[in-house]
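A.B. asks: Contents are CSV, C-alpha atoms; file name protein-v8.csv:
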chain,number,residue,atom,x,y,z
O,1,MET,CA,0.0,0.0,0.0
O,2,ASP,CA,1.3,3.5,-0.8
O,3,ILE,CA,1.7,5.4,2.4
O,4,LYS,CA,-0.1,8.4,0.9
O,5,ASP,CA,-3.3,6.3,0.7
O,6,TYR,CA,-3.1,5.0,4.2
O,7,ASN,CA,-5.9,5.9,6.6
O,8,ALA,CA,-4.9,5.7,10.2
O,9,GLY,CA,-8.2,4.3,11.4
O,10,SER,CA,-11.8,5.1,12.2
O,11,PHE,CA,-14.1,5.8,15.1
O,12,LYS,CA,-16.1,2.8,16.2
O,13,GLN,CA,-19.4,3.1,18.1
O,14,GLN,CA,-19.1,1.4,21.5
O,15,TYR,CA,-22.1,1.6,23.9
O,16,GLN,CA,-22.5,5.4,24.4
O,17,TYR,CA,-19.2,6.6,23.0
O,18,LYS,CA,-17.0,6.2,20.0
O,19,SER,CA,-13.5,4.8,20.3
O,20,PHE,CA,-10.7,5.2,17.8
O,21,THR,CA,-9.7,1.9,16.1
O,22,PRO,CA,-6.4,2.0,14.2
O,23,ASN,CA,-6.0,0.2,10.9
O,24,PRO,CA,-3.4,-2.5,10.6
O,25,VAL,CA,0.2,-1.3,10.1
O,26,ASN,CA,1.9,-4.6,9.3
O,27,ILE,CA,1.4,-4.3,5.6
O,28,GLU,CA,3.6,-4.0,2.5
O,29,TRP,CA,4.5,-0.3,2.4
O,30,GLN,CA,5.4,1.7,-0.7
O,31,ILE,CA,6.4,5.4,-0.7
O,32,SER,CA,5.8,7.3,-3.9
O,33,ASP,CA,5.9,10.8,-2.5
O,34,SER,CA,9.3,12.3,-3.4
O,35,HIS,CA,9.0,14.9,-0.5
O,36,LEU,CA,8.6,12.0,2.0
O,37,ILE,CA,11.5,10.1,0.5
O,38,ASN,CA,13.7,13.1,0.8
O,39,LEU,CA,12.7,13.6,4.4
O,40,LEU,CA,13.5,10.0,5.2
O,41,SER,CA,16.8,10.4,3.5
O,42,GLN,CA,17.6,13.5,5.6
O,43,ALA,CA,16.6,11.6,8.7
O,44,ASP,CA,18.9,8.7,7.8
O,45,ILE,CA,21.8,11.2,7.3
O,46,LYS,CA,21.0,12.8,10.7
O,47,LEU,CA,21.1,9.4,12.4
O,48,GLY,CA,24.5,8.8,10.9
O,49,GLU,CA,25.7,12.1,12.2
O,50,LEU,CA,24.3,11.3,15.6
O,51,ASN,CA,26.2,8.0,15.6
O,52,ALA,CA,29.4,9.8,14.6
O,53,PHE,CA,28.9,12.4,17.4
O,54,SER,CA,28.4,9.6,19.9
O,55,GLN,CA,32.0,8.6,19.3
O,56,LEU,CA,33.1,12.0,20.6
O,57,VAL,CA,31.1,12.0,23.9
O,58,PRO,CA,33.6,11.3,26.7
O,59,ASP,CA,31.2,9.2,28.8
O,60,ILE,CA,28.4,7.8,26.6
O,61,ASN,CA,26.8,5.9,29.5
O,62,TYR,CA,26.4,9.2,31.5
O,63,PHE,CA,24.9,10.9,28.4
O,64,ILE,CA,22.4,8.0,28.0
O,65,LYS,CA,21.6,8.1,31.7
O,66,MET,CA,20.8,11.8,31.6
O,67,HIS,CA,18.7,11.4,28.4
O,68,VAL,CA,16.7,8.5,29.9
O,69,SER,CA,16.2,10.7,33.1
O,70,LYS,CA,14.9,13.6,31.0
O,71,GLU,CA,12.6,11.3,29.0
O,72,ALA,CA,11.3,9.8,32.2
O,73,ILE,CA,10.4,13.2,33.6
O,74,THR,CA,8.8,14.3,30.4
O,75,SER,CA,6.8,11.1,29.9
O,76,SER,CA,5.7,11.0,33.6
O,77,ARG,CA,4.1,14.5,33.3
O,78,ILE,CA,1.3,12.9,31.2
O,79,GLU,CA,0.2,11.2,34.5
O,80,GLY,CA,0.6,14.5,36.5
O,81,THR,CA,4.0,13.7,37.9
O,82,GLN,CA,6.0,16.7,38.9
O,83,THR,CA,9.7,16.1,39.2
O,84,ASN,CA,12.6,18.0,37.6
O,85,ILE,CA,16.0,16.7,36.4
O,86,ALA,CA,17.9,17.8,39.6
O,87,GLU,CA,15.4,15.8,41.7
O,88,ALA,CA,15.5,12.8,39.4
O,89,VAL,CA,19.2,12.2,39.8
O,90,GLN,CA,19.1,12.7,43.6
O,91,LYS,CA,19.0,10.0,46.2
O,92,ILE,CA,15.6,9.5,47.9
O,93,GLU,CA,16.8,10.9,51.3
O,94,TYR,CA,17.4,14.3,49.6
O,95,ILE,CA,13.8,14.4,48.2
O,96,ASN,CA,11.1,16.4,50.0
O,97,PRO,CA,8.7,13.8,51.5
O,98,GLU,CA,5.8,15.5,49.7
O,99,LYS,CA,7.5,14.8,46.3
O,100,ARG,CA,8.7,11.3,46.9
O,101,ASP,CA,5.7,9.6,45.2
O,102,ASP,CA,6.5,11.6,42.0
O,103,TRP,CA,10.2,10.9,42.4
O,104,GLU,CA,9.5,7.1,42.7
O,105,GLU,CA,7.4,7.1,39.5
O,106,VAL,CA,10.3,8.7,37.6
O,107,GLN,CA,12.7,6.2,39.1
O,108,ASN,CA,10.5,3.3,38.0
O,109,TYR,CA,10.4,4.8,34.5
O,110,ILE,CA,14.2,4.9,34.5
O,111,MET,CA,14.5,1.3,35.8
O,112,ALA,CA,11.9,0.1,33.2
O,113,MET,CA,13.8,1.8,30.4
O,114,ASN,CA,17.2,0.5,31.5
O,115,GLU,CA,15.8,-3.0,32.0
O,116,ALA,CA,14.2,-2.9,28.5
O,117,ILE,CA,17.5,-1.9,26.9
O,118,THR,CA,19.3,-4.7,28.7
O,119,ASN,CA,16.6,-7.2,27.7
O,120,LEU,CA,17.0,-6.2,24.0
O,121,ARG,CA,20.3,-8.2,24.1
O,122,THR,CA,18.3,-11.4,24.3
O,123,LEU,CA,14.7,-10.4,23.3
O,124,PRO,CA,13.3,-8.8,20.3
O,125,LEU,CA,11.3,-5.5,20.6
O,126,SER,CA,8.1,-7.2,21.4
O,127,ASN,CA,4.9,-7.2,23.4
O,128,ARG,CA,6.7,-9.3,26.0
O,129,LEU,CA,9.4,-6.7,26.4
O,130,LEU,CA,6.8,-3.9,26.6
O,131,ARG,CA,4.7,-5.7,29.2
O,132,ASN,CA,7.8,-6.3,31.3
O,133,ALA,CA,8.7,-2.6,31.2
O,134,HIS,CA,5.1,-1.8,32.2
O,135,ARG,CA,5.3,-4.2,35.2
O,136,ILE,CA,8.5,-2.3,36.4
O,137,LEU,CA,6.9,1.0,35.7
O,138,LEU,CA,4.0,0.4,38.1
O,139,GLN,CA,5.9,-1.3,40.9
O,140,GLY,CA,4.9,0.3,44.3
O,141,VAL,CA,3.5,3.5,42.8
O,142,ARG,CA,0.1,4.9,41.8
O,143,GLY,CA,-1.5,2.4,39.5
O,144,LYS,CA,0.2,-0.6,41.1
O,145,HIS,CA,-3.1,-2.4,41.2
O,146,LYS,CA,-3.9,-1.7,37.5
O,147,LEU,CA,-2.7,-4.9,36.0
O,148,PRO,CA,1.1,-4.2,35.9
O,149,GLY,CA,2.6,-6.0,32.9
O,150,GLU,CA,-0.7,-6.7,31.2
O,151,PHE,CA,-2.7,-5.0,28.6
O,152,ARG,CA,-5.7,-3.1,30.0
O,153,THR,CA,-9.0,-4.9,30.4
O,154,SER,CA,-11.2,-1.8,30.7
O,155,GLN,CA,-11.9,1.3,28.6
O,156,ASN,CA,-9.8,4.4,29.3
O,157,TRP,CA,-9.8,7.9,27.8
O,158,ILE,CA,-7.7,11.0,27.6
O,159,GLY,CA,-9.0,14.4,28.9
O,160,GLY,CA,-12.4,15.0,30.4
O,161,ALA,CA,-13.9,13.7,33.6
O,162,SER,CA,-15.7,10.8,31.9
O,163,LEU,CA,-16.1,9.0,28.5
O,164,ASN,CA,-18.9,11.5,27.7
O,165,ASP,CA,-16.6,14.5,27.6
O,166,ALA,CA,-13.3,12.8,26.7
O,167,VAL,CA,-10.9,14.4,24.2
O,168,PHE,CA,-9.8,11.1,22.9
O,169,ILE,CA,-10.9,7.5,23.5
O,170,PRO,CA,-8.4,4.8,22.4
O,171,PRO,CA,-9.4,1.4,21.1
O,172,HIS,CA,-11.8,-0.8,23.1
O,173,TYR,CA,-9.9,-3.3,25.2
O,174,ASP,CA,-11.3,-6.2,23.3
O,175,GLU,CA,-9.4,-5.0,20.2
O,176,LEU,CA,-6.0,-4.7,22.0
O,177,PRO,CA,-4.7,-8.3,21.5
O,178,SER,CA,-5.1,-8.1,17.7
O,179,LEU,CA,-3.8,-4.5,17.5
O,180,MET,CA,-0.8,-5.3,19.6
O,181,SER,CA,-0.1,-8.4,17.6
O,182,ASP,CA,-0.1,-6.3,14.4
O,183,PHE,CA,2.2,-3.8,16.1
O,184,GLU,CA,4.6,-6.5,17.2
O,185,LYS,CA,4.7,-8.0,13.7
O,186,ILE,CA,5.8,-4.8,12.1
O,187,LEU,CA,8.6,-4.4,14.7
O,188,LYS,CA,10.3,-7.6,13.5
Mind turning the file's structure into structure tokens?

C.D. replies:
Amino acid sequence: MDIKDYNAGSFKQQYQYKSFTPNPVNIEWQISDSHLINLLSQADIKLGELNAFSQLVPDINYFIKMHVSKEAITSSRIEGTQTNIAEAVQKIEYINPEKRDDWEEVQNYIMAMNEAITNLRTLPLSNRLLRNAHRILLQGVRGKHKLPGEFRTSQNWIGGASLNDAVFIPPHYDELPSLMSDFEKILK
């Protein structure tokens, strides 16, 4: 399928709301748009430059650690977590007790990311790897009872106090196994 003809998905009526159901992505892709081909080529060049620059960084492990910490802080904000980079790299005894829950969520994110990177030595990028990272992410923090390491089994939404006023409603949980299987297949 030519990527220019791809439709990301559609809204599907569920009970009293509509959820978004993505179309499969594990298909034979073709790119006929010369502008997109040029952008992909430029991205490939930039990746090569980044790889070359990584050879100049005196301590690549420290650089990666700081990047993972920054990403953990940014991603955790989606859930309302408020921690900054200075706090993220501190030991727990130096963290204000009122901010420790947020600090622990960021630490879990860092542990989950590091564990996933380590597991990539023996596992492919897969649903198993993602579920393991999710299990680590929720250990001992808010959400620890929400099926850590499993795909959700209830409907969720983004924005709004309920499904009725939600900004976005992702796929129904019944669709997740096949959608995640499709996603896993394109990763291989």

A.B. asks: I want to know what sits within 12 Å of Asp5 in chain O, based on all atoms listed in the file, with residues of the same chain fewer than 6 positions away left out; could you give that as a PyMOL selection string?

C.D. replies: chain O and resi 29-33

A.B. asks: Please identify every residue of range 30-68 of chain O that has at least one atom no farther than 12 Å from an atom of range 87-105 of chain O, counting all atoms listed in the file, and for each give the shortest atom pair and the distance in Å to one decimal, arranged by chain then increasing number, as a Markdown table.

C.D. replies:
| residue | atom | partner | partner_atom | distance |
| --- | --- | --- | --- | --- |
| O:Tyr62 | CA | O:Val89 | CA | 11.4 |
| O:Lys65 | CA | O:Val89 | CA | 9.4 |
| O:Met66 | CA | O:Val89 | CA | 8.4 |
| O:His67 | CA | O:Val89 | CA | 11.4 |
| O:Val68 | CA | O:Ala88 | CA | 10.5 |

A.B. asks: Which value, in Å to one decimal, gives the distance between CA of Arg142 in chain O and CA of Thr21 in chain O?

C.D. replies: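 The value is 27.7 Å.
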
A.B. asks: For Leu176 in chain O, which residue among O:Ile85, O:Val106, O:Phe20, O:Asp44 is the nearest when counting all atoms listed in the file?

C.D. replies: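 Selected residue with least distance to Leu176 in chain O: O:Phe20.
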
A.B. asks: Just give me the residues with any atom within 7 Å of (-11.3, 2.9, 14.5), file coordinates, counting only C-alpha atoms, written as a ChimeraX atom specification.

C.D. replies: /O:9-12,19-23

A.B. asks: If you measure from CA of Gln107 in chain O to CA of Glu71 in chain O, what distance in Å do you get, rounded to one decimal?

C.D. replies: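 Computed distance, CA of Gln107 in chain O to CA of Glu71 in chain O, equals 11.3 Å.
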
A.B. asks: Can you work out which one of O:Asn156, O:Asn108, O:Gln55, O:Thr118 has the shortest atom-to-atom distance to Lys144 in chain O, counting all atoms listed in the file?

C.D. replies: O:Asn108

A.B. asks: In Å to one decimal, how far is CA of Pro58 in chain O from CA of Gln42 in chain O?

C.D. replies: 26.6 Å

A.B. asks: Neighbours of Phe151 in chain O within 10 Å (all atoms listed in the file; same-chain residues fewer than 2 positions away dropped), as JSON, numbers by chain?

C.D. replies: {"O": [127, 130, 131, 134, 146, 147, 148, 149, 153, 154, 173, 176, 177, 180]}

A.B. asks: Would you mind telling me which residue in O:Tyr109, O:Pro171, O:Leu47, O:Ile186 lies nearest to Gln139 in chain O when using only C-alpha atoms?

C.D. replies: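 For Gln139 in chain O, the nearest of the given residues is O:Tyr109.
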
A.B. asks: Nearest to Val25 in chain O among O:Lys4, O:His172, O:Lys185, O:His145, with distances taken over all atoms listed in the file: which residue is it?

C.D. replies: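 Using all atoms listed in the file, Val25 in chain O sits closest to O:Lys185.
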
A.B. asks: Using only C-alpha atoms, which protein or nucleic acid residues come within 8 Å of range 115-117 of chain O? Drop anything in the same chain fewer than 4 positions from it, and give the result as an NGL selection string.

C.D. replies: :O and (111 or 121 or 129-130 or 132-133)

A.B. asks: From the options O:Met113, O:Phe53, O:Val141, O:Ile3, which residue's atoms come nearest to Ile37 in chain O, counting only C-alpha atoms?

C.D. replies: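 Looking at the shortest contact to Ile37 in chain O, the residue is O:Ile3.
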